[in-house]
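This is model-v3.cif (mmCIF, C-alpha atoms and all ligand atoms).
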data_run
#
loop_
_atom_site.label_atom_id
_atom_site.label_comp_id
_atom_site.auth_asym_id
_atom_site.auth_seq_id
_atom_site.Cartn_x
_atom_site.Cartn_y
_atom_site.Cartn_z
CA MET A 2 3.57 5.53 22.96
CA PHE A 3 5.34 8.89 23.01
CA ARG A 4 8.63 7.15 22.17
CA GLN A 5 7.00 5.63 19.08
CA MET A 6 5.56 9.01 18.10
CA ASP A 7 8.95 10.62 18.51
CA SER A 8 10.91 7.99 16.57
CA THR A 9 8.49 8.07 13.61
CA GLY A 10 8.01 11.86 13.59
CA LEU A 11 4.25 11.46 14.16
CA GLN A 12 2.41 14.75 14.72
CA ASP A 13 -0.59 13.59 16.70
CA LEU A 14 -2.57 10.58 17.83
CA HIS A 15 -6.33 10.58 18.53
CA PHE A 16 -8.60 8.13 20.38
CA TRP A 17 -12.37 7.71 20.31
CA GLN A 18 -14.64 5.37 22.23
CA ASP A 19 -18.39 4.95 21.90
CA SER A 20 -19.92 2.23 24.07
CA ALA A 21 -23.35 2.42 22.35
CA SER A 22 -21.97 1.21 19.00
CA GLY A 23 -18.97 -0.70 20.35
CA LEU A 24 -16.49 1.61 18.60
CA GLN A 25 -12.89 1.88 19.77
CA ALA A 26 -10.84 3.74 17.19
CA ILE A 27 -7.47 5.40 16.77
CA ILE A 28 -6.41 7.98 14.19
CA ALA A 29 -2.69 8.61 13.70
CA ILE A 30 -1.71 11.78 11.85
CA HIS A 31 1.89 11.64 10.71
CA ASP A 32 2.13 14.86 8.74
CA THR A 33 -0.05 17.75 7.62
CA PHE A 34 2.63 20.16 6.35
CA ARG A 35 2.11 19.12 2.72
CA GLY A 36 -1.70 19.08 3.07
CA PRO A 37 -4.38 17.16 4.99
CA ALA A 38 -3.35 13.68 6.11
CA ILE A 39 -4.92 10.94 4.01
CA GLY A 40 -4.99 7.17 4.46
CA GLY A 41 -7.21 4.14 4.90
CA CYS A 42 -9.20 2.88 7.84
CA ARG A 43 -8.44 -0.68 8.98
CA PHE A 44 -11.15 -2.68 10.70
CA ILE A 45 -9.51 -5.85 11.99
CA PRO A 46 -9.09 -7.61 15.35
CA TYR A 47 -5.98 -6.63 17.30
CA PRO A 48 -4.39 -8.68 20.10
CA SER A 49 -4.05 -5.51 22.21
CA THR A 50 -4.60 -1.75 22.15
CA ALA A 51 -0.82 -1.33 22.04
CA ALA A 52 -0.66 -3.41 18.84
CA ALA A 53 -3.39 -1.25 17.28
CA ILE A 54 -1.53 1.96 18.19
CA THR A 55 1.73 0.62 16.75
CA ASP A 56 -0.05 -0.38 13.52
CA ALA A 57 -1.72 3.04 13.15
CA ILE A 58 1.56 4.92 13.72
CA ARG A 59 3.60 2.72 11.36
CA LEU A 60 1.00 2.88 8.60
CA ALA A 61 0.48 6.66 8.92
CA LYS A 62 4.19 7.23 8.38
CA GLY A 63 4.09 4.98 5.30
CA MET A 64 1.23 7.06 3.89
CA SER A 65 3.32 10.26 4.26
CA TYR A 66 6.13 8.63 2.26
CA LYS A 67 3.66 7.42 -0.38
CA SER A 68 2.05 10.87 -0.76
CA ALA A 69 5.45 12.57 -0.91
CA LEU A 70 6.85 10.36 -3.69
CA ALA A 71 3.57 10.54 -5.65
CA ASP A 72 3.77 14.34 -5.34
CA LEU A 73 0.27 14.60 -3.86
CA PRO A 74 -0.72 17.63 -1.72
CA HIS A 75 -1.23 15.44 1.35
CA GLY A 76 0.47 14.12 4.42
CA GLY A 77 0.01 10.63 5.80
CA GLY A 78 -2.61 9.42 8.25
CA LYS A 79 -4.20 6.12 9.15
CA ALA A 80 -7.15 4.99 11.22
CA VAL A 81 -7.63 1.67 12.93
CA ILE A 82 -10.88 0.42 14.37
CA LEU A 83 -10.44 -2.44 16.82
CA LYS A 84 -12.89 -5.07 15.57
CA PRO A 85 -15.10 -5.94 18.56
CA ALA A 86 -15.00 -9.60 19.65
CA LYS A 87 -18.67 -9.44 20.66
CA LEU A 88 -21.75 -8.41 18.65
CA TYR A 89 -21.79 -4.83 17.44
CA HIS A 90 -23.93 -2.62 15.24
CA PRO A 91 -21.92 -2.07 12.00
CA GLU A 92 -23.87 0.95 10.73
CA GLN A 93 -23.85 2.81 14.05
CA LEU A 94 -20.19 1.94 14.53
CA MET A 95 -19.15 3.42 11.16
CA GLN A 96 -21.34 6.48 11.73
CA SER A 97 -19.69 7.06 15.07
CA PHE A 98 -16.31 6.69 13.36
CA GLY A 99 -17.53 9.31 10.84
CA ARG A 100 -18.14 11.73 13.74
CA PHE A 101 -14.62 11.00 15.01
CA VAL A 102 -13.15 11.86 11.56
CA ASP A 103 -15.33 14.98 11.38
CA SER A 104 -14.16 16.15 14.82
CA LEU A 105 -10.66 16.58 13.34
CA GLY A 106 -12.02 19.26 11.00
CA GLY A 107 -10.43 17.94 7.79
CA ARG A 108 -6.93 17.31 9.11
CA TYR A 109 -7.49 13.64 8.22
CA ILE A 110 -9.33 12.17 5.21
CA THR A 111 -10.30 8.52 5.52
CA ALA A 112 -10.48 5.72 2.92
CA MET A 113 -10.98 1.96 2.52
CA ASP A 114 -8.40 -0.46 3.88
CA SER A 115 -8.28 -4.04 5.18
CA GLY A 116 -11.68 -4.92 6.61
CA THR A 117 -13.59 -1.89 5.29
CA GLN A 118 -15.87 -1.71 2.23
CA THR A 119 -17.41 1.02 0.11
CA THR A 120 -20.67 0.55 2.08
CA ASP A 121 -18.78 1.43 5.31
CA MET A 122 -17.49 4.58 3.61
CA ASP A 123 -21.11 5.45 2.71
CA ASN A 124 -22.04 5.21 6.40
CA ILE A 125 -19.07 7.38 7.38
CA ALA A 126 -20.08 9.88 4.68
CA THR A 127 -23.42 10.48 6.47
CA GLN A 128 -21.38 12.21 9.21
CA THR A 129 -18.41 13.84 7.46
CA PRO A 130 -17.24 15.07 4.04
CA PHE A 131 -13.68 13.93 4.83
CA VAL A 132 -14.12 10.48 3.37
CA THR A 133 -13.30 8.78 0.05
CA CYS A 134 -14.05 5.36 -1.54
CA THR A 135 -17.83 5.69 -1.18
CA GLN A 136 -19.94 3.53 -3.53
CA THR A 137 -20.33 6.46 -5.93
CA MET A 138 -16.59 6.92 -6.11
CA GLY A 139 -15.64 3.26 -6.19
CA ASP A 140 -12.84 0.91 -5.18
CA PRO A 141 -9.25 2.18 -5.65
CA SER A 142 -7.88 -1.35 -6.27
CA PRO A 143 -8.05 -1.25 -10.10
CA SER A 144 -5.95 1.95 -10.05
CA THR A 145 -3.46 0.29 -7.69
CA ALA A 146 -3.26 -2.68 -10.08
CA LYS A 147 -2.73 -0.37 -13.04
CA GLY A 148 0.07 1.49 -11.24
CA VAL A 149 1.78 -1.76 -10.28
CA PHE A 150 1.46 -2.97 -13.88
CA GLU A 151 3.22 0.20 -15.07
CA GLY A 152 5.86 -0.28 -12.36
CA ILE A 153 6.47 -3.87 -13.48
CA ARG A 154 6.92 -2.68 -17.08
CA ALA A 155 9.40 -0.01 -15.88
CA SER A 156 11.29 -2.66 -13.87
CA ALA A 157 11.43 -4.99 -16.89
CA LYS A 158 12.75 -2.15 -19.04
CA PHE A 159 15.45 -1.31 -16.50
CA ARG A 160 16.55 -4.90 -15.86
CA PHE A 161 15.86 -6.68 -19.17
CA GLY A 162 16.08 -3.75 -21.61
CA SER A 163 12.41 -3.84 -22.68
CA PRO A 164 9.06 -3.13 -20.97
CA ASP A 165 7.46 -5.89 -23.06
CA LEU A 166 6.07 -8.55 -20.71
CA ASN A 167 5.35 -11.11 -23.42
CA HIS A 168 6.68 -14.52 -22.18
CA ILE A 169 8.00 -12.94 -18.95
CA HIS A 170 7.41 -15.37 -16.07
CA ILE A 171 5.79 -13.78 -13.02
CA ALA A 172 5.28 -15.47 -9.63
CA LEU A 173 2.28 -13.72 -8.08
CA GLN A 174 1.39 -14.01 -4.39
CA GLY A 175 -2.19 -13.03 -3.44
CA LEU A 176 -5.15 -12.91 -5.82
CA GLY A 177 -7.28 -10.37 -3.95
CA HIS A 178 -8.70 -7.06 -5.16
CA VAL A 179 -5.36 -5.86 -6.53
CA GLY A 180 -3.68 -9.20 -7.29
CA TYR A 181 -6.50 -10.54 -9.44
CA ALA A 182 -6.91 -7.31 -11.43
CA LEU A 183 -3.14 -7.23 -11.94
CA ALA A 184 -3.07 -10.88 -13.06
CA LYS A 185 -5.62 -9.95 -15.72
CA LEU A 186 -3.42 -7.10 -17.02
CA LEU A 187 -0.27 -9.28 -16.95
CA HIS A 188 -2.02 -12.12 -18.77
CA ALA A 189 -3.31 -9.72 -21.43
CA ALA A 190 0.29 -8.47 -21.87
CA GLY A 191 1.45 -12.04 -22.59
CA ALA A 192 3.11 -12.80 -19.24
CA ARG A 193 3.27 -16.38 -17.94
CA LEU A 194 1.84 -16.61 -14.42
CA THR A 195 2.53 -18.84 -11.44
CA VAL A 196 0.12 -17.98 -8.63
CA THR A 197 -0.77 -18.75 -5.04
CA ASP A 198 -3.43 -17.70 -2.54
CA ILE A 199 -4.83 -19.12 0.68
CA ASP A 200 -8.23 -19.11 -1.04
CA PRO A 201 -8.36 -22.17 -3.38
CA ASP A 202 -11.33 -20.72 -5.33
CA LYS A 203 -9.34 -17.65 -6.39
CA VAL A 204 -6.44 -19.89 -7.46
CA ALA A 205 -8.76 -22.15 -9.47
CA GLN A 206 -10.27 -19.10 -11.17
CA ALA A 207 -6.81 -17.77 -12.13
CA VAL A 208 -5.77 -21.18 -13.48
CA THR A 209 -8.87 -21.24 -15.70
CA GLU A 210 -8.94 -17.60 -16.74
CA PHE A 211 -5.18 -16.91 -17.15
CA ALA A 212 -3.79 -20.42 -17.77
CA ALA A 213 -1.76 -19.84 -14.59
CA THR A 214 0.23 -22.54 -12.82
CA ALA A 215 -0.78 -22.96 -9.17
CA VAL A 216 1.67 -23.57 -6.33
CA ALA A 217 1.21 -23.97 -2.56
CA GLU A 218 1.48 -20.87 -0.37
CA ASP A 219 5.01 -21.46 0.84
CA GLU A 220 6.34 -22.70 -2.53
CA ILE A 221 5.90 -19.32 -4.21
CA TYR A 222 9.22 -18.07 -2.73
CA ASP A 223 11.15 -20.87 -4.50
CA VAL A 224 9.64 -20.44 -7.97
CA VAL A 225 12.28 -19.71 -10.60
CA ALA A 226 10.76 -16.69 -12.34
CA ASP A 227 11.75 -13.37 -13.90
CA ILE A 228 9.64 -11.35 -11.45
CA PHE A 229 8.23 -12.03 -7.97
CA CYS A 230 5.05 -10.01 -7.40
CA PRO A 231 3.84 -9.78 -3.77
CA CYS A 232 0.15 -8.76 -3.58
CA GLY A 233 -0.90 -10.39 -0.34
CA LEU A 234 0.72 -9.86 3.03
CA GLY A 235 3.28 -7.39 4.35
CA ALA A 236 6.78 -8.34 5.63
CA ILE A 237 7.15 -11.18 3.12
CA ILE A 238 10.77 -10.14 2.46
CA ASN A 239 12.29 -11.18 5.76
CA PRO A 240 15.30 -13.13 7.11
CA ASP A 241 13.50 -16.43 6.38
CA THR A 242 12.62 -15.67 2.74
CA VAL A 243 15.26 -13.23 1.45
CA ASP A 244 17.70 -15.94 0.33
CA ARG A 245 14.98 -18.03 -1.29
CA PHE A 246 13.91 -15.65 -4.08
CA LYS A 247 14.99 -16.90 -7.52
CA CYS A 248 14.02 -13.88 -9.58
CA ALA A 249 15.62 -10.75 -11.08
CA ILE A 250 12.94 -8.30 -9.87
CA ILE A 251 10.54 -7.96 -6.92
CA ALA A 252 7.64 -5.63 -7.74
CA GLY A 253 4.15 -5.88 -6.28
CA SER A 254 1.34 -4.11 -4.45
CA ALA A 255 1.71 -5.33 -0.87
CA ASN A 256 2.36 -2.65 1.74
CA ASN A 257 5.44 -2.89 3.97
CA GLN A 258 7.05 -5.72 1.99
CA LEU A 259 10.40 -5.43 3.80
CA SER A 260 10.29 -6.72 7.38
CA ASP A 261 13.06 -4.18 8.13
CA ASN A 262 15.37 -1.83 6.20
CA HIS A 263 18.17 -4.39 6.17
CA GLN A 264 16.17 -6.62 3.79
CA GLY A 265 16.41 -3.92 1.08
CA GLU A 266 20.18 -4.05 1.44
CA MET A 267 20.10 -7.88 1.27
CA LEU A 268 18.14 -7.81 -2.03
CA TYR A 269 20.60 -5.28 -3.43
CA ARG A 270 23.56 -7.51 -2.52
CA ARG A 271 21.81 -10.45 -4.19
CA GLY A 272 21.39 -8.40 -7.37
CA ILE A 273 17.58 -8.41 -7.16
CA LEU A 274 15.95 -5.17 -8.34
CA TYR A 275 13.37 -4.09 -5.74
CA ALA A 276 10.50 -1.71 -6.58
CA PRO A 277 9.91 0.26 -3.33
CA ASP A 278 6.37 -0.69 -2.26
CA TYR A 279 5.09 2.77 -1.43
CA LEU A 280 6.15 4.08 -4.83
CA ILE A 281 4.85 1.25 -7.04
CA ASN A 282 1.54 0.80 -5.15
CA ALA A 283 0.56 4.50 -5.03
CA GLY A 284 -2.10 4.15 -7.78
CA GLY A 285 -4.93 3.67 -5.25
CA LEU A 286 -3.86 6.69 -3.20
CA ILE A 287 -3.59 8.80 -6.36
CA PHE A 288 -7.12 7.68 -7.27
CA VAL A 289 -8.67 8.57 -3.90
CA ALA A 290 -6.77 11.83 -3.39
CA LEU A 291 -7.47 13.24 -6.85
CA HIS A 292 -11.04 11.98 -6.84
CA HIS A 293 -11.62 13.72 -3.50
CA SER A 294 -10.31 16.98 -4.95
CA GLY A 295 -12.68 16.66 -7.95
CA GLN A 296 -10.20 15.75 -10.69
CA LYS A 297 -11.40 14.08 -13.90
CA GLU A 298 -10.87 10.34 -14.43
CA THR A 299 -8.53 10.96 -17.39
CA VAL A 300 -6.26 13.18 -15.26
CA ILE A 301 -6.26 10.58 -12.48
CA GLN A 302 -5.35 7.69 -14.78
CA GLN A 303 -2.64 9.79 -16.44
CA LYS A 304 -1.03 10.37 -13.04
CA VAL A 305 -1.27 6.65 -12.18
CA THR A 306 0.57 5.87 -15.44
CA GLN A 307 3.39 8.22 -14.35
CA ILE A 308 4.49 5.55 -11.85
CA TYR A 309 6.43 4.11 -14.82
CA ALA A 310 8.51 7.29 -15.14
CA SER A 311 8.96 7.85 -11.36
CA LEU A 312 10.19 4.31 -10.80
CA SER A 313 12.51 4.39 -13.84
CA GLU A 314 14.06 7.61 -12.56
CA LEU A 315 14.52 6.19 -9.06
CA TYR A 316 16.23 3.08 -10.47
CA GLN A 317 18.67 5.26 -12.39
CA HIS A 318 19.42 7.33 -9.30
CA ALA A 319 20.00 4.20 -7.17
CA GLU A 320 22.28 2.71 -9.81
CA ALA A 321 24.32 5.91 -10.14
CA ASP A 322 24.71 6.13 -6.34
CA LYS A 323 25.33 2.35 -5.98
CA GLN A 324 22.64 2.20 -3.29
CA PRO A 325 19.64 -0.07 -2.63
CA THR A 326 16.46 1.30 -4.25
CA SER A 327 14.67 1.11 -0.87
CA HIS A 328 17.31 3.38 0.65
CA ILE A 329 17.05 6.00 -2.12
CA ALA A 330 13.23 6.00 -1.86
CA ASP A 331 13.36 6.55 1.93
CA ILE A 332 15.89 9.38 1.62
CA ARG A 333 13.80 11.12 -1.05
CA ALA A 334 10.53 10.84 0.86
CA GLU A 335 12.13 12.04 4.11
CA MET A 336 13.71 15.00 2.32
CA ILE A 337 10.37 16.07 0.75
CA ILE A 338 8.61 15.85 4.13
CA ARG A 339 11.43 17.68 5.95
CA GLN A 340 11.49 20.50 3.37
CA ALA A 341 7.73 21.07 3.81
CA ARG A 342 8.15 21.19 7.61
CA LEU A 343 11.04 23.64 7.36
CA ALA A 344 9.13 25.85 4.91
CA ALA A 345 6.23 26.07 7.38
CA GLN A 346 8.44 27.18 10.30
P1 LIG A 401 -7.16 -8.35 -0.46
O1 LIG A 401 -7.42 -8.65 0.96
O2 LIG A 401 -8.28 -8.15 -1.40
O3 LIG A 401 -6.22 -9.47 -1.10
C1 LIG A 401 -5.17 -10.11 -0.43
C2 LIG A 401 -5.11 -11.52 -0.98
O4 LIG A 401 -3.96 -12.18 -0.40
C3 LIG A 401 -6.34 -12.36 -0.61
O5 LIG A 401 -6.83 -13.02 -1.76
C4 LIG A 401 -5.80 -13.34 0.44
O6 LIG A 401 -6.50 -14.58 0.42
C5 LIG A 401 -4.37 -13.48 -0.04
N1 LIG A 401 -3.46 -13.98 1.00
C6 LIG A 401 -3.49 -13.74 2.33
N2 LIG A 401 -2.52 -14.43 2.93
C7 LIG A 401 -1.85 -15.10 1.96
C8 LIG A 401 -0.74 -15.98 1.96
N3 LIG A 401 -0.11 -16.34 3.08
N4 LIG A 401 -0.32 -16.49 0.78
C9 LIG A 401 -0.97 -16.18 -0.37
N5 LIG A 401 -2.03 -15.35 -0.43
C10 LIG A 401 -2.47 -14.81 0.72
O7 LIG A 401 -6.19 -7.06 -0.44
P2 LIG A 401 -5.87 -6.10 -1.64
O8 LIG A 401 -6.72 -4.88 -1.52
O9 LIG A 401 -5.82 -6.85 -2.91
O10 LIG A 401 -4.40 -5.63 -1.26
C11 LIG A 401 -3.29 -6.51 -1.44
C12 LIG A 401 -2.04 -5.86 -0.86
O11 LIG A 401 -1.80 -4.62 -1.52
C13 LIG A 401 -2.14 -5.54 0.64
O12 LIG A 401 -0.85 -5.66 1.21
C14 LIG A 401 -2.56 -4.08 0.64
O13 LIG A 401 -2.17 -3.43 1.84
C15 LIG A 401 -1.79 -3.55 -0.55
N6 LIG A 401 -2.38 -2.36 -1.16
C16 LIG A 401 -3.66 -2.38 -1.61
C17 LIG A 401 -4.19 -1.25 -2.20
C18 LIG A 401 -5.60 -1.24 -2.76
O14 LIG A 401 -5.94 -0.30 -3.51
N7 LIG A 401 -6.42 -2.22 -2.46
C19 LIG A 401 -3.42 -0.08 -2.31
C20 LIG A 401 -2.10 -0.10 -1.86
C21 LIG A 401 -1.60 -1.25 -1.28
#
I need this file expressed as structure tokens, please.
Ligand code: NAD
Amino acid sequence: MFRQMDSTGLQDLHFWQDSASGLQAIIAIHDTFRGPAIGGCRFIPYPSTAAAITDAIRLAKGMSYKSALADLPHGGGKAVILKPAKLYHPEQLMQSFGRFVDSLGGRYITAMDSGTQTTDMDNIATQTPFVTCTQTMGDPSPSTAKGVFEGIRASAKFRFGSPDLNHIHIALQGLGHVGYALAKLLHAAGARLTVTDIDPDKVAQAVTEFAATAVAEDEIYDVVADIFCPCGLGAIINPDTVDRFKCAIIAGSANNQLSDNHQGEMLYRRGILYAPDYLINAGGLIFVALHHSGQKETVIQQKVTQIYASLSELYQHAEADKQPTSHIADIRAEMIIRQARLAAQ
């Protein structure tokens, strides 16, 4: 555990257990030098406590990188709640988690993530003010979708010379909260969609609503398209898939798309333009962070739209340096975090 903390630069790791509600939770705080750590709370089953710790640490670091490149006054944090195998009391459990968050005195602000809903955030909010994504505030997914849409337009401009998506063929994996909202924006912009999801109802809906072509889950990697858009799982760019992509651009919302850093290098060698995930999918984080600090909706949406400019600038930098885009993004984020740590010493 300490080795993992050391290798990722994690500041601190917190544990909380409450037998009455069945809560077992972990909060990983990667960085607070740029401001309070912010990041979602996962509520999923884990095969072991060690797996949950690893997930929290890895995700907290990713949130620091996301905040840094989006120029938000926050560091990265992440919470995981180990979903109990036996019966539990959901309201009490989330309230107890709220007390856990509150005990950190504002060093960590929580949000929705896999397995948590706005109603859970409402329960947490009965115990602490350090929470976002309550029902009043709403779901960040539409802002994530909007940011990814802007990032796709920036990628098209860089690679094809125009941000116009009319007749551009996009292979979209995952029609969930973000993927479906994004499909709607892409369809409205004239893009042609090929889609997949493990949920056949979502696929059927996209075929009807967006005239999309449906393919089986595993076939999506072989679709000949202009853009591959991952909006489902993480680690979908891995040694088994990296040679299968038949597209010019990979740009989507999924977190941790590269199974390891080497995959970014592989895409670069294959001439595929990769939009670093934590830059293109920062719309949701921008929404929750600025909402929490009381910013107006127009200001928030303006900042989400800036993902177009940030990504365009990163592409130019990577091209000038003849480096993979993933590498340039990592270097930039690490430099921003390091500078804040040095300034505080
Ligand atoms: P979601 O759970 O609503 O949607 C995921 C979708 O992927 C579901 O429809 C699911 O059925 C589908 N899916 C799962 N396995 C699949 C497979 N093997 N093949 C095809 N489809 C599959 O999640 P979401 O909120 O839409 O987030 C999507 C991705 O974007 C996740 O990686 C998430 O971490 C990331 N992300 C989301 C947000 C946000 O605001 N929601 C912000 C940043 C990043």
Report task. Would you kindly return, as an NGL selection string, each protein, DNA or RNA residue with an atom no farther than 12 Å from any atom of stretch 115-125 of chain A, considering all atoms listed in the file and excluding same-chain residues fewer than 4 positions away? Result -> :A and (40-46 or 79-84 or 90-103 or 110-111 or 129-142 or 177-178 or 233-234 or 255-256)
**Report entry** Residues near A:Ser260, cut-off 7 Å, all atoms listed in the file, skip fewer than 2 positions along chain, as a VMD selection string
**Finding:** chain A and resid 236 to 239 258 264
Report task. Kindly provide, as a PyMOL selection string, all nucleotide and amino acid residues lying within 9 Å of ligand LIG 401 (chain A), counting only C-alpha atoms and all ligand atoms. Result -> chain A and resi 113-116+140-146+173-182+196-201+203-204+217-219+221+231-235+237+253-258+278-279+281-286+288
Selection export as a PDB file, in the frame of the given file, atoms kept: C-alpha atoms:
ATOM      1  CA  MET A 113     -10.980   1.960   2.520  1.00  0.00           C
ATOM      2  CA  ASP A 114      -8.400  -0.460   3.880  1.00  0.00           C
ATOM      3  CA  SER A 115      -8.280  -4.040   5.180  1.00  0.00           C
ATOM      4  CA  GLY A 116     -11.680  -4.920   6.610  1.00  0.00           C
ATOM      5  CA  ASP A 140     -12.840   0.910  -5.180  1.00  0.00           C
ATOM      6  CA  PRO A 141      -9.250   2.180  -5.650  1.00  0.00           C
ATOM      7  CA  SER A 142      -7.880  -1.350  -6.270  1.00  0.00           C
ATOM      8  CA  PRO A 143      -8.050  -1.250 -10.100  1.00  0.00           C
ATOM      9  CA  SER A 144      -5.950   1.950 -10.050  1.00  0.00           C
ATOM     10  CA  THR A 145      -3.460   0.290  -7.690  1.00  0.00           C
ATOM     11  CA  ALA A 146      -3.260  -2.680 -10.080  1.00  0.00           C
ATOM     12  CA  LEU A 173       2.280 -13.720  -8.080  1.00  0.00           C
ATOM     13  CA  GLN A 174       1.390 -14.010  -4.390  1.00  0.00           C
ATOM     14  CA  GLY A 175      -2.190 -13.030  -3.440  1.00  0.00           C
ATOM     15  CA  LEU A 176      -5.150 -12.910  -5.820  1.00  0.00           C
ATOM     16  CA  GLY A 177      -7.280 -10.370  -3.950  1.00  0.00           C
ATOM     17  CA  HIS A 178      -8.700  -7.060  -5.160  1.00  0.00           C
ATOM     18  CA  VAL A 179      -5.360  -5.860  -6.530  1.00  0.00           C
ATOM     19  CA  GLY A 180      -3.680  -9.200  -7.290  1.00  0.00           C
ATOM     20  CA  TYR A 181      -6.500 -10.540  -9.440  1.00  0.00           C
ATOM     21  CA  ALA A 182      -6.910  -7.310 -11.430  1.00  0.00           C
ATOM     22  CA  VAL A 196       0.120 -17.980  -8.630  1.00  0.00           C
ATOM     23  CA  THR A 197      -0.770 -18.750  -5.040  1.00  0.00           C
ATOM     24  CA  ASP A 198      -3.430 -17.700  -2.540  1.00  0.00           C
ATOM     25  CA  ILE A 199      -4.830 -19.120   0.680  1.00  0.00           C
ATOM     26  CA  ASP A 200      -8.230 -19.110  -1.040  1.00  0.00           C
ATOM     27  CA  PRO A 201      -8.360 -22.170  -3.380  1.00  0.00           C
ATOM     28  CA  LYS A 203      -9.340 -17.650  -6.390  1.00  0.00           C
ATOM     29  CA  VAL A 204      -6.440 -19.890  -7.460  1.00  0.00           C
ATOM     30  CA  ALA A 217       1.210 -23.970  -2.560  1.00  0.00           C
ATOM     31  CA  GLU A 218       1.480 -20.870  -0.370  1.00  0.00           C
ATOM     32  CA  ASP A 219       5.010 -21.460   0.840  1.00  0.00           C
ATOM     33  CA  ILE A 221       5.900 -19.320  -4.210  1.00  0.00           C
ATOM     34  CA  PRO A 231       3.840  -9.780  -3.770  1.00  0.00           C
ATOM     35  CA  CYS A 232       0.150  -8.760  -3.580  1.00  0.00           C
ATOM     36  CA  GLY A 233      -0.900 -10.390  -0.340  1.00  0.00           C
ATOM     37  CA  LEU A 234       0.720  -9.860   3.030  1.00  0.00           C
ATOM     38  CA  GLY A 235       3.280  -7.390   4.350  1.00  0.00           C
ATOM     39  CA  ILE A 237       7.150 -11.180   3.120  1.00  0.00           C
ATOM     40  CA  GLY A 253       4.150  -5.880  -6.280  1.00  0.00           C
ATOM     41  CA  SER A 254       1.340  -4.110  -4.450  1.00  0.00           C
ATOM     42  CA  ALA A 255       1.710  -5.330  -0.870  1.00  0.00           C
ATOM     43  CA  ASN A 256       2.360  -2.650   1.740  1.00  0.00           C
ATOM     44  CA  ASN A 257       5.440  -2.890   3.970  1.00  0.00           C
ATOM     45  CA  GLN A 258       7.050  -5.720   1.990  1.00  0.00           C
ATOM     46  CA  ASP A 278       6.370  -0.690  -2.260  1.00  0.00           C
ATOM     47  CA  TYR A 279       5.090   2.770  -1.430  1.00  0.00           C
ATOM     48  CA  ILE A 281       4.850   1.250  -7.040  1.00  0.00           C
ATOM     49  CA  ASN A 282       1.540   0.800  -5.150  1.00  0.00           C
ATOM     50  CA  ALA A 283       0.560   4.500  -5.030  1.00  0.00           C
ATOM     51  CA  GLY A 284      -2.100   4.150  -7.780  1.00  0.00           C
ATOM     52  CA  GLY A 285      -4.930   3.670  -5.250  1.00  0.00           C
ATOM     53  CA  LEU A 286      -3.860   6.690  -3.200  1.00  0.00           C
ATOM     54  CA  PHE A 288      -7.120   7.680  -7.270  1.00  0.00           C
TER      55      PHE A 288
END
Within 8 Å of A:Leu70 using all atoms listed in the file, minus same-chain residues under 5 positions, as a compact mmCIF listing (two decimals) with C-alpha atoms, keeping the file's coordinate frame:
# COMPACT_ATOMS: atom_id res chain seq x y z
CA LEU A 280 6.15 4.08 -4.83
CA ALA A 330 13.23 6.00 -1.86
CA ARG A 333 13.80 11.12 -1.05
CA ALA A 334 10.53 10.84 0.86
Query - Straight-line distance linking atom CA of A:Ala29 with atom CA of A:Phe3, stated in Å to one decimal - result: 12.3 Å
Report task. Calculate how many Å separate atom CA of A:Leu268 from atom CA of A:Ala172, rounding to one decimal. Result ->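 Taking atom CA of A:Leu268 as the start and atom CA of A:Ala172 as the end point, the length is 16.8 Å.
For the pair atom CA of A:Ser163 and atom CA of A:Lys247, the interatomic distance is 20.2 Å.
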**Report entry** Using all atoms listed in the file: which of A:Gln317, A:Asn167, A:Ser156, A:Thr299 has the shortest distance to A:Phe229
**Finding:**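 The answer is A:Ser156, which sits nearest to A:Phe229.
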Query - Polymer residues at most 12 Å from A:Ile332, all atoms listed in the file, same-chain spacing of 4 or more positions, as a ChimeraX atom specification - result: /A:66,69-70,277,315,318-319,324-328,336-339
Query raised in the report: Residues around (3.0, 3.1, -13.7), cut-off 9 Å, counting only C-alpha atoms - what are they as a PyMOL selection string?
Result: chain A and resi 147-155+281-282+284+304-312
Query raised in the report: Got a sec: who's within 6 Å of A:Ala192, counting all atoms listed in the file, leaving out chain neighbours fewer than 3 positions off, as a ChimeraX atom specification?
Result: /A:166-170,187-188
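Restricting the calculation to all atoms listed in the file, the smallest distance between A:His263 and any of A:Pro240, A:Phe211, A:Phe161, A:Ile251 is found for A:Pro240.
Of the residues listed (A:Ala207, A:Ile30, A:Ala53, A:Val216), A:Ala207 shows the shortest atom-to-atom separation from A:Leu183; distances use only C-alpha atoms.
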Query raised in the report: Which of these residues is nearest to A:Ile273, using all atoms listed in the file: A:Phe159, A:Ser65, A:Ala205, A:Lys185?
Result: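 Answer, going by the shortest atom-to-atom distance: A:Phe159.
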